[in-house]
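Here is the structure we will look at, set down as structure tokens.
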Amino acid sequence: MATTGKAGAQKAAAGSAPGAPATVLVIHGPNLNLLGQREPEIYGHTRLGDIDRSLKQLARELGLKVEIFQSNSEGAIVDRIQQARGRARALVINPAAYTHTSVAIRDAIAGCELPTVEVHLSNVYQREPFRHHSTIADIVAGRIMGFGAEGYLLALRAAKRLIEAEHTAAGA
Ligand code: DQA
């Protein structure tokens with residue numbers, strides 16, 4: 001496949017070689033390592049490991065590769081997003097509490113040039129007003145919230161659509 005310019009070089013490096021599954025980076029933000037134990041009445045009983053297993057299973061079915069990263073640290077999340085630039089083809093992210101505060105994560109997403117799906121387990125609009133603001137809402141392709149752990153699987157399906165749409169738009 002002929003690829004030209006910066007975008008083409010990035011796509012070639014990002015798993016678009018014939019037969020190579022496209023990589024989707026999934027990021028879980030702070031406190032999500034405690035899923036299943038933390039406020040189960042809000043976030044449910046499913047543990048993060050169960051979500052990650054389901055994501056890997058669905059990725060296999062969809063012909064994708066997932067890389068999954070959890071951190072309680074804003075800087076570590078920024079570093080991981082930067083590493084995905086030119087390597088992954090889409091980003092699925094639940095920035096958790098950083099959703100409402102982090103300009104650094106917003107800038108990292110804007111700079112990584114990856115189609116991005118924002119996920120929240122809970123419907124943040126049914127909760128405290130400070131959760132209604134997202135620093136990334138206007139730069140992501142779409143947002144999925146209120147469906148609990150299932151939201152991550154919906155997000156992975158959406159990421160696949162976004163990758164396919166980019167592929168089509170590139171005339172590949
Ligand atoms: C969350 C919602 C955030 O407001 C909260 O800080 C979280 C989880 C969610 O998935 O519903 O930690 O992102």
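Ligands are numbered from 1 in the order shown, chains are lettered A, B, ... in the order of the structure tokens, and residues start at 1 in each chain.
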Requested in this report: Identify, with DSSP run on backbone atoms, the residues in chain A assigned to helix (DSSP H, G or I), and express the list as a VMD selection string.
Outcome: chain A and resid 5 to 13 32 to 34 40 to 43 48 to 62 74 to 84 96 to 100 103 to 112 124 to 126 129 to 131 150 to 169
Query raised in the report: Out of range 41-166 of chain A, which residues get strand (DSSP E or B) from DSSP, as a PyMOL selection string?
Result: chain A and resi 64-70+90-94+116-120+142-145
Just write the chosen residues, N, CA, C and O atoms, as a compact mmCIF listing (two decimals), in the first residue's frame.
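Full text of out.txt as output:
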# COMPACT_ATOMS: atom_id res chain seq x y z
N LEU A 64 -8.99 -6.89 16.07
CA LEU A 64 -8.19 -5.78 16.57
C LEU A 64 -7.19 -6.29 17.60
O LEU A 64 -7.33 -7.40 18.12
N LYS A 65 -6.21 -5.44 17.91
CA LYS A 65 -5.32 -5.72 19.04
C LYS A 65 -5.57 -4.61 20.07
O LYS A 65 -5.65 -3.44 19.70
N VAL A 66 -5.73 -4.98 21.34
CA VAL A 66 -5.86 -3.93 22.37
C VAL A 66 -4.62 -3.91 23.25
O VAL A 66 -4.08 -4.95 23.61
N GLU A 67 -4.21 -2.71 23.58
CA GLU A 67 -3.20 -2.49 24.62
C GLU A 67 -3.93 -1.75 25.72
O GLU A 67 -4.63 -0.77 25.45
N ILE A 68 -3.79 -2.23 26.96
CA ILE A 68 -4.58 -1.68 28.06
C ILE A 68 -3.64 -1.14 29.13
O ILE A 68 -2.65 -1.78 29.48
N PHE A 69 -3.97 0.05 29.62
CA PHE A 69 -3.10 0.74 30.58
C PHE A 69 -3.97 1.38 31.65
O PHE A 69 -4.95 2.05 31.33
N GLN A 70 -3.63 1.16 32.91
CA GLN A 70 -4.31 1.87 34.02
C GLN A 70 -3.28 2.62 34.82
O GLN A 70 -2.20 2.11 35.11
N ALA A 90 -6.46 3.97 17.36
CA ALA A 90 -7.57 4.64 18.05
C ALA A 90 -7.32 4.55 19.54
O ALA A 90 -6.55 3.71 20.01
N LEU A 91 -7.99 5.44 20.26
CA LEU A 91 -7.85 5.51 21.72
C LEU A 91 -9.24 5.41 22.34
O LEU A 91 -10.17 6.09 21.91
N VAL A 92 -9.35 4.54 23.37
CA VAL A 92 -10.54 4.48 24.21
C VAL A 92 -10.09 4.88 25.60
O VAL A 92 -9.14 4.28 26.13
N ILE A 93 -10.71 5.90 26.18
CA ILE A 93 -10.21 6.38 27.47
C ILE A 93 -11.33 6.72 28.44
O ILE A 93 -12.31 7.38 28.05
N ASN A 94 -11.18 6.20 29.67
CA ASN A 94 -11.97 6.68 30.79
C ASN A 94 -11.00 7.42 31.70
O ASN A 94 -10.29 6.80 32.50
N THR A 116 -10.72 9.18 19.13
CA THR A 116 -10.83 8.85 20.56
C THR A 116 -12.29 8.70 20.98
O THR A 116 -13.14 9.49 20.59
N VAL A 117 -12.52 7.67 21.81
CA VAL A 117 -13.84 7.46 22.40
C VAL A 117 -13.70 7.63 23.91
O VAL A 117 -12.86 6.99 24.53
N GLU A 118 -14.52 8.50 24.48
CA GLU A 118 -14.52 8.75 25.94
C GLU A 118 -15.57 7.83 26.58
O GLU A 118 -16.70 7.76 26.10
N VAL A 119 -15.17 7.15 27.64
CA VAL A 119 -16.07 6.21 28.32
C VAL A 119 -16.22 6.58 29.79
O VAL A 119 -15.24 6.96 30.43
N HIS A 120 -17.43 6.44 30.29
CA HIS A 120 -17.67 6.50 31.74
C HIS A 120 -18.64 5.41 32.11
O HIS A 120 -19.63 5.18 31.40
N GLY A 142 -16.64 10.64 20.19
CA GLY A 142 -17.92 10.38 20.83
C GLY A 142 -17.73 9.96 22.26
O GLY A 142 -16.60 9.70 22.71
N ARG A 143 -18.83 9.94 23.00
CA ARG A 143 -18.80 9.65 24.44
C ARG A 143 -19.84 8.57 24.74
O ARG A 143 -20.96 8.63 24.24
N ILE A 144 -19.46 7.61 25.59
CA ILE A 144 -20.36 6.54 25.99
C ILE A 144 -20.39 6.53 27.51
O ILE A 144 -19.33 6.42 28.15
N MET A 145 -21.56 6.64 28.10
CA MET A 145 -21.63 6.66 29.57
C MET A 145 -22.95 6.09 30.06
O MET A 145 -23.96 6.09 29.33
Query - Site check for ligand 1: residues at most 9 Å away, only C-alpha atoms and all ligand atoms, as a list of chain:residue names - result: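 Taking only C-alpha atoms and all ligand atoms into account, the residues around ligand 1 at most 9 Å away are A:His28, A:Gly29, A:Pro30, A:Asn31, A:Leu32, A:Ile42, A:Tyr43, A:Asn94, A:Pro95, A:Ala96, A:Ala97, A:Tyr98, A:Thr99, A:His100, A:Val119, A:His120, A:Leu121, A:Ser122, A:Asn123, A:Val124, A:Arg127, A:Glu128, A:Phe130, A:Arg131, A:His132, A:Met145, A:Gly146, A:Gly148, A:Ala149.
For the pair CA of Leu34 in chain A and CA of Cys112 in chain A, the separation is 27.8 Å.
Ranking A:Gly36, A:Asn72, A:Gly63, A:Thr23 by their shortest atom-to-atom distance to Asp50 in chain A, with only C-alpha atoms included, puts A:Gly36 first.
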**Report entry** Contacts of Ser102 in chain A within 8 Å, only C-alpha atoms, excl. fewer than 4 positions in-chain, as a PyMOL selection string
**Finding:** chain A and resi 74+98+106+135
Store the residues picked out above, limited to N, CA, C and O atoms, as a compact mmCIF listing (two decimals), in the first residue's frame.
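Once everything was written out, this is result31.txt:
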# COMPACT_ATOMS: atom_id res chain seq x y z
N GLU A 74 -1.61 11.32 36.54
CA GLU A 74 -1.90 12.12 35.34
C GLU A 74 -0.73 12.09 34.35
O GLU A 74 -0.90 11.89 33.15
N TYR A 98 -9.85 12.67 36.33
CA TYR A 98 -9.12 13.64 35.49
C TYR A 98 -9.98 14.18 34.35
O TYR A 98 -9.64 15.20 33.74
N ARG A 106 -6.12 16.40 28.03
CA ARG A 106 -6.77 16.96 26.83
C ARG A 106 -5.70 17.27 25.77
O ARG A 106 -5.85 16.89 24.60
N THR A 135 -13.04 17.94 30.17
CA THR A 135 -12.07 18.74 29.42
C THR A 135 -11.85 18.18 28.01
O THR A 135 -11.22 18.83 27.19
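Between CA of Arg47 in chain A and CA of Leu35 in chain A the interatomic distance comes to 4.9 Å.
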Requested in this report: Give me the residues within 12 Å of Glu164 in chain A as a VMD selection string, counting only C-alpha atoms and dropping any in the same chain fewer than 4 places off.
Outcome: chain A and resid 16 21 to 22 62 to 64 89 to 90 115 157 to 160 168 to 172
Store the residues of this selection in a file with N, CA and C atoms, as a JSON list (two decimals), in the first residue's frame.
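To be explicit, this is the file written out as part.json:
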[["chain", "number", "residue", "atom", "x", "y", "z"],
["A", 16, "SER", "N", -1.25, -0.82, 9.99],
["A", 16, "SER", "CA", -2.08, -0.90, 8.80],
["A", 16, "SER", "C", -1.40, -1.72, 7.71],
["A", 21, "PRO", "N", -3.28, -6.66, 12.66],
["A", 21, "PRO", "CA", -4.45, -6.04, 13.29],
["A", 21, "PRO", "C", -4.15, -4.64, 13.78],
["A", 22, "ALA", "N", -5.10, -3.74, 13.62],
["A", 22, "ALA", "CA", -4.94, -2.38, 14.12],
["A", 22, "ALA", "C", -4.96, -2.40, 15.65],
["A", 62, "LEU", "N", -13.18, -8.90, 16.77],
["A", 62, "LEU", "CA", -13.26, -7.79, 15.81],
["A", 62, "LEU", "C", -12.01, -7.69, 14.93],
["A", 63, "GLY", "N", -11.02, -8.54, 15.19],
["A", 63, "GLY", "CA", -9.78, -8.46, 14.42],
["A", 63, "GLY", "C", -8.91, -7.28, 14.80],
["A", 64, "LEU", "N", -8.99, -6.89, 16.07],
["A", 64, "LEU", "CA", -8.19, -5.78, 16.57],
["A", 64, "LEU", "C", -7.19, -6.29, 17.60],
["A", 89, "ARG", "N", -4.09, 3.00, 16.45],
["A", 89, "ARG", "CA", -5.00, 3.58, 15.45],
["A", 89, "ARG", "C", -6.20, 4.27, 16.08],
["A", 90, "ALA", "N", -6.46, 3.97, 17.36],
["A", 90, "ALA", "CA", -7.57, 4.64, 18.05],
["A", 90, "ALA", "C", -7.32, 4.55, 19.54],
["A", 115, "PRO", "N", -8.29, 8.94, 16.63],
["A", 115, "PRO", "CA", -9.72, 9.05, 16.94],
["A", 115, "PRO", "C", -9.97, 8.46, 18.33],
["A", 157, "ARG", "N", -16.17, -1.24, 19.91],
["A", 157, "ARG", "CA", -16.87, -1.36, 18.60],
["A", 157, "ARG", "C", -16.86, -0.01, 17.88],
["A", 158, "ALA", "N", -17.06, 1.07, 18.62],
["A", 158, "ALA", "CA", -17.04, 2.40, 18.01],
["A", 158, "ALA", "C", -15.64, 2.71, 17.47],
["A", 159, "ALA", "N", -14.60, 2.30, 18.22],
["A", 159, "ALA", "CA", -13.22, 2.54, 17.77],
["A", 159, "ALA", "C", -12.97, 1.81, 16.44],
["A", 160, "LYS", "N", -13.50, 0.60, 16.33],
["A", 160, "LYS", "CA", -13.31, -0.14, 15.08],
["A", 160, "LYS", "C", -13.95, 0.62, 13.91],
["A", 168, "THR", "N", -11.11, 4.16, 4.92],
["A", 168, "THR", "CA", -11.88, 4.46, 3.72],
["A", 168, "THR", "C", -11.56, 5.86, 3.23],
["A", 169, "ALA", "N", -11.52, 6.82, 4.19],
["A", 169, "ALA", "CA", -11.25, 8.22, 3.80],
["A", 169, "ALA", "C", -9.87, 8.35, 3.16],
["A", 170, "ALA", "N", -8.92, 7.51, 3.62],
["A", 170, "ALA", "CA", -7.55, 7.57, 3.07],
["A", 170, "ALA", "C", -7.48, 6.90, 1.71],
["A", 171, "GLY", "N", -8.59, 6.28, 1.29],
["A", 171, "GLY", "CA", -8.64, 5.63, -0.02],
["A", 171, "GLY", "C", -7.82, 4.36, -0.06],
["A", 172, "ALA", "N", -7.60, 3.74, 1.12],
["A", 172, "ALA", "CA", -6.78, 2.53, 1.18],
["A", 172, "ALA", "C", -7.59, 1.31, 0.84]]
Requested in this report: Have a look at CA of Ala88 in chain A and CA of Glu150 in chain A and let me know their distance in Å, one decimal.
Outcome: 22.4 Å
Requested in this report: Counting only C-alpha atoms, figure out which residue out of A:Ser54, A:Gln83, A:Thr46, A:Ser71 gets nearest to Leu154 in chain A.
Outcome: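 Under the stated criterion, the closest residue is A:Ser54.
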Report task. Choose the residue, out of A:Ala76, A:Ala141, A:Val24, A:Phe147, that has the smallest atom-to-atom separation from Leu58 in chain A; count only C-alpha atoms. Result -> A:Val24
Query - Within 6 Å of Val78 in chain A using only C-alpha atoms, minus same-chain residues under 2 positions, as a ChimeraX atom specification - result: /A:75-76,80-81,105,108
Serialized selection, all heavy atoms, as a PDB file, in the first residue's frame:
ATOM      1  N   GLY A  75       0.494  12.282  34.886  1.00  0.00           N
ATOM      2  CA  GLY A  75       1.671  12.312  34.007  1.00  0.00           C
ATOM      3  C   GLY A  75       1.888  10.992  33.300  1.00  0.00           C
ATOM      4  O   GLY A  75       2.260  10.957  32.112  1.00  0.00           O
ATOM      5  N   ALA A  76       1.637   9.885  34.017  1.00  0.00           N
ATOM      6  CA  ALA A  76       1.817   8.567  33.386  1.00  0.00           C
ATOM      7  C   ALA A  76       0.811   8.373  32.253  1.00  0.00           C
ATOM      8  O   ALA A  76       1.128   7.766  31.218  1.00  0.00           O
ATOM      9  CB  ALA A  76       1.661   7.477  34.440  1.00  0.00           C
ATOM     10  N   ARG A  80       1.686   7.772  28.300  1.00  0.00           N
ATOM     11  CA  ARG A  80       1.199   6.606  27.545  1.00  0.00           C
ATOM     12  C   ARG A  80       0.478   7.040  26.272  1.00  0.00           C
ATOM     13  O   ARG A  80       0.605   6.385  25.235  1.00  0.00           O
ATOM     14  CB  ARG A  80       0.268   5.768  28.452  1.00  0.00           C
ATOM     15  CG  ARG A  80      -0.101   4.424  27.860  1.00  0.00           C
ATOM     16  CD  ARG A  80       1.130   3.539  27.742  1.00  0.00           C
ATOM     17  NE  ARG A  80       0.850   2.320  26.969  1.00  0.00           N
ATOM     18  CZ  ARG A  80       0.862   2.224  25.645  1.00  0.00           C
ATOM     19  NH1 ARG A  80       1.128   3.297  24.905  1.00  0.00           N
ATOM     20  NH2 ARG A  80       0.610   1.077  25.039  1.00  0.00           N
ATOM     21  N   ILE A  81      -0.259   8.146  26.357  1.00  0.00           N
ATOM     22  CA  ILE A  81      -0.941   8.649  25.150  1.00  0.00           C
ATOM     23  C   ILE A  81       0.105   9.082  24.125  1.00  0.00           C
ATOM     24  O   ILE A  81      -0.003   8.781  22.931  1.00  0.00           O
ATOM     25  CB  ILE A  81      -1.899   9.815  25.503  1.00  0.00           C
ATOM     26  CG1 ILE A  81      -3.049   9.308  26.376  1.00  0.00           C
ATOM     27  CG2 ILE A  81      -2.451  10.461  24.226  1.00  0.00           C
ATOM     28  CD1 ILE A  81      -3.894  10.416  26.999  1.00  0.00           C
ATOM     29  N   ILE A 105      -4.169  16.022  29.939  1.00  0.00           N
ATOM     30  CA  ILE A 105      -4.664  14.852  29.198  1.00  0.00           C
ATOM     31  C   ILE A 105      -5.395  15.321  27.933  1.00  0.00           C
ATOM     32  O   ILE A 105      -5.250  14.724  26.866  1.00  0.00           O
ATOM     33  CB  ILE A 105      -5.549  13.970  30.108  1.00  0.00           C
ATOM     34  CG1 ILE A 105      -4.658  13.288  31.161  1.00  0.00           C
ATOM     35  CG2 ILE A 105      -6.313  12.919  29.293  1.00  0.00           C
ATOM     36  CD1 ILE A 105      -5.394  12.486  32.214  1.00  0.00           C
ATOM     37  N   ALA A 108      -2.723  16.076  25.435  1.00  0.00           N
ATOM     38  CA  ALA A 108      -2.096  14.843  24.931  1.00  0.00           C
ATOM     39  C   ALA A 108      -3.004  14.181  23.889  1.00  0.00           C
ATOM     40  O   ALA A 108      -2.526  13.711  22.844  1.00  0.00           O
ATOM     41  CB  ALA A 108      -1.821  13.883  26.085  1.00  0.00           C
TER      42      ALA A 108
END
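Between Asn33 in chain A and the residues A:Leu55, A:Ala20, A:Leu48, A:Ala84, the shortest atom-to-atom distance, using only C-alpha atoms, involves A:Leu48.
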**Report entry** Minimum-distance residue to Val26 in chain A, chosen among A:Ile109, A:Arg87, A:Pro40, A:Tyr152 (using only C-alpha atoms)
**Finding:** A:Tyr152
